[in-house]
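Colleague: What follows is a single structure, and I will ask about it in a moment.
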Amino acid sequence: MDASEIEFLAEKEHVRVIPNFSQDKIYLISGDLGPFSAGLPVSIPLWLAVNLKQRQKCRILPPDWMDIDGLKDKKQEEADSRFFTDMPSPFYMEITQLLLQCATDDIPGADEVRTLIKDIWDLRLAKLRSSIDVFIKSGASHAKLNHLTLLEMNTVRQFLTKALDHMHRLKLCVSGDPAVQQ
Amino acid sequence: MSDLVEIDSLLSSNTPLNNTEDGEEEAMTASEVLQKLEEAWLNEKFAPDLLPVKSNLVECMLAQIDAMEANIATAKKGDFRISVHRMEIDRIRYIISSYLRIRLAKIEKFTTHVLQEEEKHRDTDTPLLSDAELEFAKGYNSSVMSHLTNTALRHMPANVASLNSKETAVVPLVDSYVFLKVNETTENVLIEEETVDAGEEIMDLLQGDQHIMRYRPVASLVESGAVSLI
């Protein structure tokens, strides 16, 4: 899967914005939005928020978890835990990326948020690599991947699934399954 | 302007749509259909083999888009909502076309296999291919066969001048590993068949869990919607 497609999925997540215009409810195929009234926060999908921001029609309120102290705690929790911790958003990386790209001025401490998210990402990927190592060496046929986000899975998808496919075939060859030997 | 609101409210997510296919009637809202279509898109993307076609979802969404476009055409120029609706339509279009493209790519890859499978499914409630896809698969198959015959087979000695499509068919590797998310708790799933040196392996899939495992044991669960591929 392409990373841009994961971003596409992340864009469905809702964020709160403060519009600077008023508008009745909009009836989208995916659900109703609004009503919008200038100055009052409203929850809309990220794709629309980014677009409105670019047209300078709104101010984006950063999601609750995008807060420096909270992220510092999260980073500590991630570093202390042997397992993956539950992230506040399944698309934390993509949302940060998108918001920091188009709405830097709406996010307090944007640079620090960027660094913290990157640190958490790095911690998690290092954990992912070492757990893959353990998984492969154990020779298990399946693994549970709770709390891993889509983007994180995607970084190892090609390599891991193909490697496991090959190992499975080799295993079948050893056990003498005639279907593989053809 | 008032037209826009009227038709808009017809499309609002609170209005159940009647989705008739195969005589069975399901009431679903537009946003539920979209949700299902997205799931079908991702499943199709990651499944190693071709899944039964979801033509009712695709058709329903296309009808929604058409209605919305007719609706936009009557709206006043410069209405703020037009651009919002346009963007949404573009997003849905992308999902639909990506879904159909992935299916076509699989049909091209596994033509013979798909046609064989389709025959088994043809008269059931869940056909593997839509009518258009079936036509495409047949046409593609005959083009490839006649190409191979004209360029190579007819120049071969008589004893090797035939092609057994059953033996040369490319079949999907259903033992490929996939990532999946569990939507409904399913107990006692057989993960590993009993082999010479290891016993069978059975596990419970709990709702909300994510796993990586081979596709074969969960293939039926993907079709029933108990798990989604991610």
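Labeling convention for the structure tokens: chains A, B, ... as they appear, residues from 1 per chain, ligands from 1 in order of appearance.
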Write out as a list of chain:residue names the residues lying within 7 Å of segment 28-44 of chain A, counting only C-alpha atoms and excluding same-chain residues fewer than 2 positions away.

Modeller: A:His14, A:Val15, A:Arg16, A:Val17, A:Ile18, A:Pro19, A:Asn20, A:Phe21, A:Ser22, A:Gln23, A:Asp24, A:Lys25, A:Ile26, A:Leu46, A:Leu48, A:Ala49, B:Leu11, B:Ser12, B:Ser13, B:Ala30, B:Ser31, B:Leu34, B:His85

Colleague: Can I get the selection written as a CSV table (one decimal), in the first residue's frame, with N, CA and C atoms?

Modeller:
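Saved result, result_20.csv, follows:
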```csv
chain,number,residue,atom,x,y,z
A,14,HIS,N,-11.8,13.1,12.1
A,14,HIS,CA,-12.4,14.4,12.3
A,14,HIS,C,-11.5,15.3,13.2
A,15,VAL,N,-11.5,16.6,12.9
A,15,VAL,CA,-10.8,17.5,13.7
A,15,VAL,C,-11.8,18.7,14.0
A,16,ARG,N,-11.5,19.4,15.0
A,16,ARG,CA,-12.3,20.6,15.3
A,16,ARG,C,-11.7,21.8,14.7
A,17,VAL,N,-12.6,22.6,14.1
A,17,VAL,CA,-12.1,23.9,13.5
A,17,VAL,C,-13.0,25.0,14.0
A,18,ILE,N,-12.4,26.2,13.9
A,18,ILE,CA,-13.3,27.4,14.2
A,18,ILE,C,-13.4,28.1,12.8
A,19,PRO,N,-14.6,28.0,12.2
A,19,PRO,CA,-14.8,28.7,10.9
A,19,PRO,C,-14.9,30.2,11.1
A,20,ASN,N,-14.6,30.9,10.0
A,20,ASN,CA,-14.9,32.3,10.0
A,20,ASN,C,-16.0,32.7,9.1
A,21,PHE,N,-16.9,31.8,8.8
A,21,PHE,CA,-18.0,32.0,8.0
A,21,PHE,C,-19.2,31.3,8.6
A,22,SER,N,-20.4,31.6,8.1
A,22,SER,CA,-21.6,30.9,8.6
A,22,SER,C,-22.2,30.1,7.4
A,23,GLN,N,-22.8,29.0,7.7
A,23,GLN,CA,-23.3,28.1,6.7
A,23,GLN,C,-24.2,27.1,7.3
A,24,ASP,N,-25.3,26.8,6.6
A,24,ASP,CA,-26.2,25.8,7.1
A,24,ASP,C,-25.5,24.4,7.0
A,25,LYS,N,-26.2,23.4,7.5
A,25,LYS,CA,-25.7,22.1,7.4
A,25,LYS,C,-25.4,21.7,6.0
A,26,ILE,N,-24.3,20.9,5.8
A,26,ILE,CA,-24.0,20.4,4.5
A,26,ILE,C,-24.3,18.9,4.5
A,46,LEU,N,-10.7,15.8,8.2
A,46,LEU,CA,-9.4,16.5,8.0
A,46,LEU,C,-9.3,17.0,6.6
A,48,LEU,N,-11.4,18.2,4.6
A,48,LEU,CA,-12.1,19.5,4.5
A,48,LEU,C,-11.4,20.6,5.3
A,49,ALA,N,-10.9,20.2,6.5
A,49,ALA,CA,-10.3,21.2,7.3
A,49,ALA,C,-9.0,21.7,6.7
B,11,LEU,N,-30.3,13.1,0.4
B,11,LEU,CA,-29.0,12.3,0.5
B,11,LEU,C,-28.5,12.3,1.9
B,12,SER,N,-29.1,13.0,2.8
B,12,SER,CA,-28.6,13.1,4.2
B,12,SER,C,-28.4,11.7,4.7
B,13,SER,N,-27.5,11.5,5.7
B,13,SER,CA,-27.2,10.2,6.1
B,13,SER,C,-28.3,9.5,6.9
B,30,ALA,N,-26.5,6.1,3.1
B,30,ALA,CA,-25.4,6.3,2.2
B,30,ALA,C,-24.0,6.2,2.8
B,31,SER,N,-23.9,6.7,4.1
B,31,SER,CA,-22.6,6.6,4.7
B,31,SER,C,-22.2,5.2,5.1
B,34,LEU,N,-20.9,3.6,1.9
B,34,LEU,CA,-19.6,4.1,1.7
B,34,LEU,C,-18.6,3.4,2.6
B,85,HIS,N,-18.8,19.5,-1.9
B,85,HIS,CA,-19.4,18.3,-2.5
B,85,HIS,C,-18.5,17.7,-3.6
```

Colleague: What parts of chain A does DSSP call alpha helix (DSSP H)? I'd like the answer as a ChimeraX atom specification.

Modeller: /A:3-10,46-54,68-80,92-102,110-138,150-175,178-181

Colleague: Using only C-alpha atoms, determine which residues lie at most 10 Å from segment 214-219 of chain B, disregarding the query and same-chain residues fewer than 4 positions distant; provide the list as a PyMOL selection string.

Modeller: (chain A and resi 141-142+161+164-165+168) or (chain B and resi 46-49+51+173-180+189-193+223-224+226-229)

Colleague: Show which residues sit within 10 Å of segment 65-70 of chain A, as a PDB file with N, CA and C atoms, in the first residue's frame. Count only C-alpha atoms, and ignore same-chain residues fewer than 6 positions away.

Modeller:
```pdb
ATOM      1  N   GLN A  76       7.560   8.863  27.238  1.00  0.00           N
ATOM      2  CA  GLN A  76       8.128   8.149  28.380  1.00  0.00           C
ATOM      3  C   GLN A  76       7.475   6.778  28.512  1.00  0.00           C
ATOM      4  N   MET A  87      -1.885   4.199  21.009  1.00  0.00           N
ATOM      5  CA  MET A  87      -1.690   5.589  20.610  1.00  0.00           C
ATOM      6  C   MET A  87      -3.023   6.334  20.676  1.00  0.00           C
ATOM      7  N   PRO A  88      -2.973   7.639  20.970  1.00  0.00           N
ATOM      8  CA  PRO A  88      -4.227   8.394  21.098  1.00  0.00           C
ATOM      9  C   PRO A  88      -5.007   8.457  19.795  1.00  0.00           C
ATOM     10  N   SER A  89      -4.317   8.326  18.666  1.00  0.00           N
ATOM     11  CA  SER A  89      -5.026   8.304  17.396  1.00  0.00           C
ATOM     12  C   SER A  89      -4.377   7.252  16.508  1.00  0.00           C
ATOM     13  N   TYR A  92      -1.777   8.933  14.177  1.00  0.00           N
ATOM     14  CA  TYR A  92      -1.111  10.070  14.829  1.00  0.00           C
ATOM     15  C   TYR A  92      -0.053  10.710  13.948  1.00  0.00           C
ATOM     16  N   ILE A  95      -1.715  12.610  10.837  1.00  0.00           N
ATOM     17  CA  ILE A  95      -2.422  13.830  11.230  1.00  0.00           C
ATOM     18  C   ILE A  95      -1.411  14.915  11.605  1.00  0.00           C
ATOM     19  N   THR A  96      -0.374  14.531  12.357  1.00  0.00           N
ATOM     20  CA  THR A  96       0.652  15.507  12.728  1.00  0.00           C
ATOM     21  C   THR A  96       1.278  16.101  11.479  1.00  0.00           C
ATOM     22  N   ILE A 107      -0.949  25.534  15.771  1.00  0.00           N
ATOM     23  CA  ILE A 107      -0.534  24.531  16.745  1.00  0.00           C
ATOM     24  C   ILE A 107       0.539  25.103  17.654  1.00  0.00           C
ATOM     25  N   PRO A 108       0.225  25.213  18.936  1.00  0.00           N
ATOM     26  CA  PRO A 108       1.214  25.764  19.855  1.00  0.00           C
ATOM     27  C   PRO A 108       2.414  24.823  19.964  1.00  0.00           C
ATOM     28  N   GLY A 109       3.601  25.387  19.899  1.00  0.00           N
ATOM     29  CA  GLY A 109       4.820  24.575  20.016  1.00  0.00           C
ATOM     30  C   GLY A 109       4.984  23.592  18.889  1.00  0.00           C
ATOM     31  N   ALA A 110       4.698  24.034  17.653  1.00  0.00           N
ATOM     32  CA  ALA A 110       4.701  23.130  16.502  1.00  0.00           C
ATOM     33  C   ALA A 110       6.011  22.358  16.376  1.00  0.00           C
ATOM     34  N   GLU A 112       8.226  21.598  18.616  1.00  0.00           N
ATOM     35  CA  GLU A 112       8.419  20.610  19.674  1.00  0.00           C
ATOM     36  C   GLU A 112       7.512  19.397  19.457  1.00  0.00           C
ATOM     37  N   VAL A 113       6.274  19.669  19.003  1.00  0.00           N
ATOM     38  CA  VAL A 113       5.343  18.578  18.699  1.00  0.00           C
ATOM     39  C   VAL A 113       5.948  17.686  17.633  1.00  0.00           C
ATOM     40  N   ARG A 114       6.505  18.324  16.602  1.00  0.00           N
ATOM     41  CA  ARG A 114       7.102  17.561  15.509  1.00  0.00           C
ATOM     42  C   ARG A 114       8.196  16.646  16.046  1.00  0.00           C
ATOM     43  N   LEU A 116       8.713  15.547  19.149  1.00  0.00           N
ATOM     44  CA  LEU A 116       8.206  14.510  20.048  1.00  0.00           C
ATOM     45  C   LEU A 116       7.557  13.370  19.270  1.00  0.00           C
ATOM     46  N   ILE A 117       6.738  13.735  18.280  1.00  0.00           N
ATOM     47  CA  ILE A 117       6.069  12.694  17.483  1.00  0.00           C
ATOM     48  C   ILE A 117       7.109  11.853  16.762  1.00  0.00           C
TER      49      ILE A 117
END
```

Colleague: Identify, on the basis of only C-alpha atoms, every residue whose closest approach to Ile72 of chain B does not exceed 8 Å; exclude the query and any residue fewer than 2 positions from it along the same chain; express the result as a PDB file with C-alpha atoms, in the first residue's frame.

Modeller:
```
ATOM      1  CA  LEU B   4     -29.933  22.046  -3.501  1.00  0.00           C
ATOM      2  CA  MET B  68     -25.169  14.671  -6.225  1.00  0.00           C
ATOM      3  CA  GLU B  69     -23.742  15.874  -9.517  1.00  0.00           C
ATOM      4  CA  ALA B  70     -27.156  16.607 -10.961  1.00  0.00           C
ATOM      5  CA  THR B  74     -28.635  23.124 -10.521  1.00  0.00           C
ATOM      6  CA  ALA B  75     -26.985  25.000  -7.679  1.00  0.00           C
ATOM      7  CA  ILE B  82     -20.313  23.053  -4.360  1.00  0.00           C
ATOM      8  CA  HIS B  85     -19.421  18.259  -2.501  1.00  0.00           C
TER       9      HIS B  85
END
```

Colleague: Taking 6 positions as the minimum chain separation for residues in the same chain, which residues sit within 12 Å of Gln54 of chain A when counting only C-alpha atoms? Answer as an MDAnalysis selection string.

Modeller: chainID A and resid 47:48 60 98:99 101:104

Colleague: Keeping only C-alpha atoms, take the residues you just selected and write them out as a short mmCIF file (atom, residue, chain, number, x, y, z; two decimals), in the first residue's frame.

Modeller:
```
data_model
loop_
_atom_site.label_atom_id
_atom_site.label_comp_id
_atom_site.auth_asym_id
_atom_site.auth_seq_id
_atom_site.Cartn_x
_atom_site.Cartn_y
_atom_site.Cartn_z
CA TRP A 47 -9.59 16.68 4.23
CA LEU A 48 -12.09 19.49 4.48
CA ILE A 60 -7.81 24.40 13.17
CA LEU A 98 -0.79 17.15 7.65
CA LEU A 99 -1.52 19.67 10.37
CA GLN A 101 2.26 21.24 6.98
CA CYS A 102 -0.77 23.43 6.51
CA ALA A 103 -1.60 24.85 9.92
CA THR A 104 1.69 25.44 11.72
#
```

Colleague: Write out as a ChimeraX atom specification the residues lying within 10 Å of Met1 of chain A, counting only C-alpha atoms and excluding same-chain residues fewer than 4 positions away.

Modeller: /A:5-6,150-151,154-155,157-158 /B:42,45-46,230

Colleague: Work out how far apart atom CA of Thr85 of chain A and atom CA of Lys118 of chain A are and give it in Å to one decimal.

Modeller: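 Distance reported for this atom pair: 15.5 Å.
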
Colleague: At what distance in Å, to one decimal, does atom CA of Ala63 of chain B lie from atom CA of Ala27 of chain B?

Modeller: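 Interatomic distance, atom CA of Ala27 of chain B to atom CA of Ala63 of chain B: 15.5 Å.
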
Colleague: Please give the complete set of residues from segment 60-173 of chain A that DSSP, run on the backbone, assigns to strand (DSSP E), formatted as a PDB file with N, CA and C atoms, in the first residue's frame.

Modeller:
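Produced file part.pdb, reproduced below:
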```pdb
ATOM      1  N   ILE A  60      -7.692  25.782  12.718  1.00  0.00           N
ATOM      2  CA  ILE A  60      -7.808  24.395  13.169  1.00  0.00           C
ATOM      3  C   ILE A  60      -7.443  24.305  14.646  1.00  0.00           C
ATOM      4  N   LEU A  61      -8.289  23.616  15.414  1.00  0.00           N
ATOM      5  CA  LEU A  61      -7.951  23.377  16.817  1.00  0.00           C
ATOM      6  C   LEU A  61      -7.164  22.072  16.864  1.00  0.00           C
ATOM      7  N   ALA A 143       1.222 -13.738  14.497  1.00  0.00           N
ATOM      8  CA  ALA A 143       1.576 -12.843  15.590  1.00  0.00           C
ATOM      9  C   ALA A 143       0.468 -11.835  15.800  1.00  0.00           C
ATOM     10  N   LYS A 144       0.328 -11.402  17.038  1.00  0.00           N
ATOM     11  CA  LYS A 144      -0.668 -10.396  17.362  1.00  0.00           C
ATOM     12  C   LYS A 144       0.021  -9.033  17.330  1.00  0.00           C
TER      13      LYS A 144
END
```

Colleague: Determine the nearest neighbour of chain B from the options A:Leu52, A:Tyr27, A:Cys173, A:His166, counting only C-alpha atoms.

Modeller: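 Using only C-alpha atoms, chain B sits closest to A:Tyr27.
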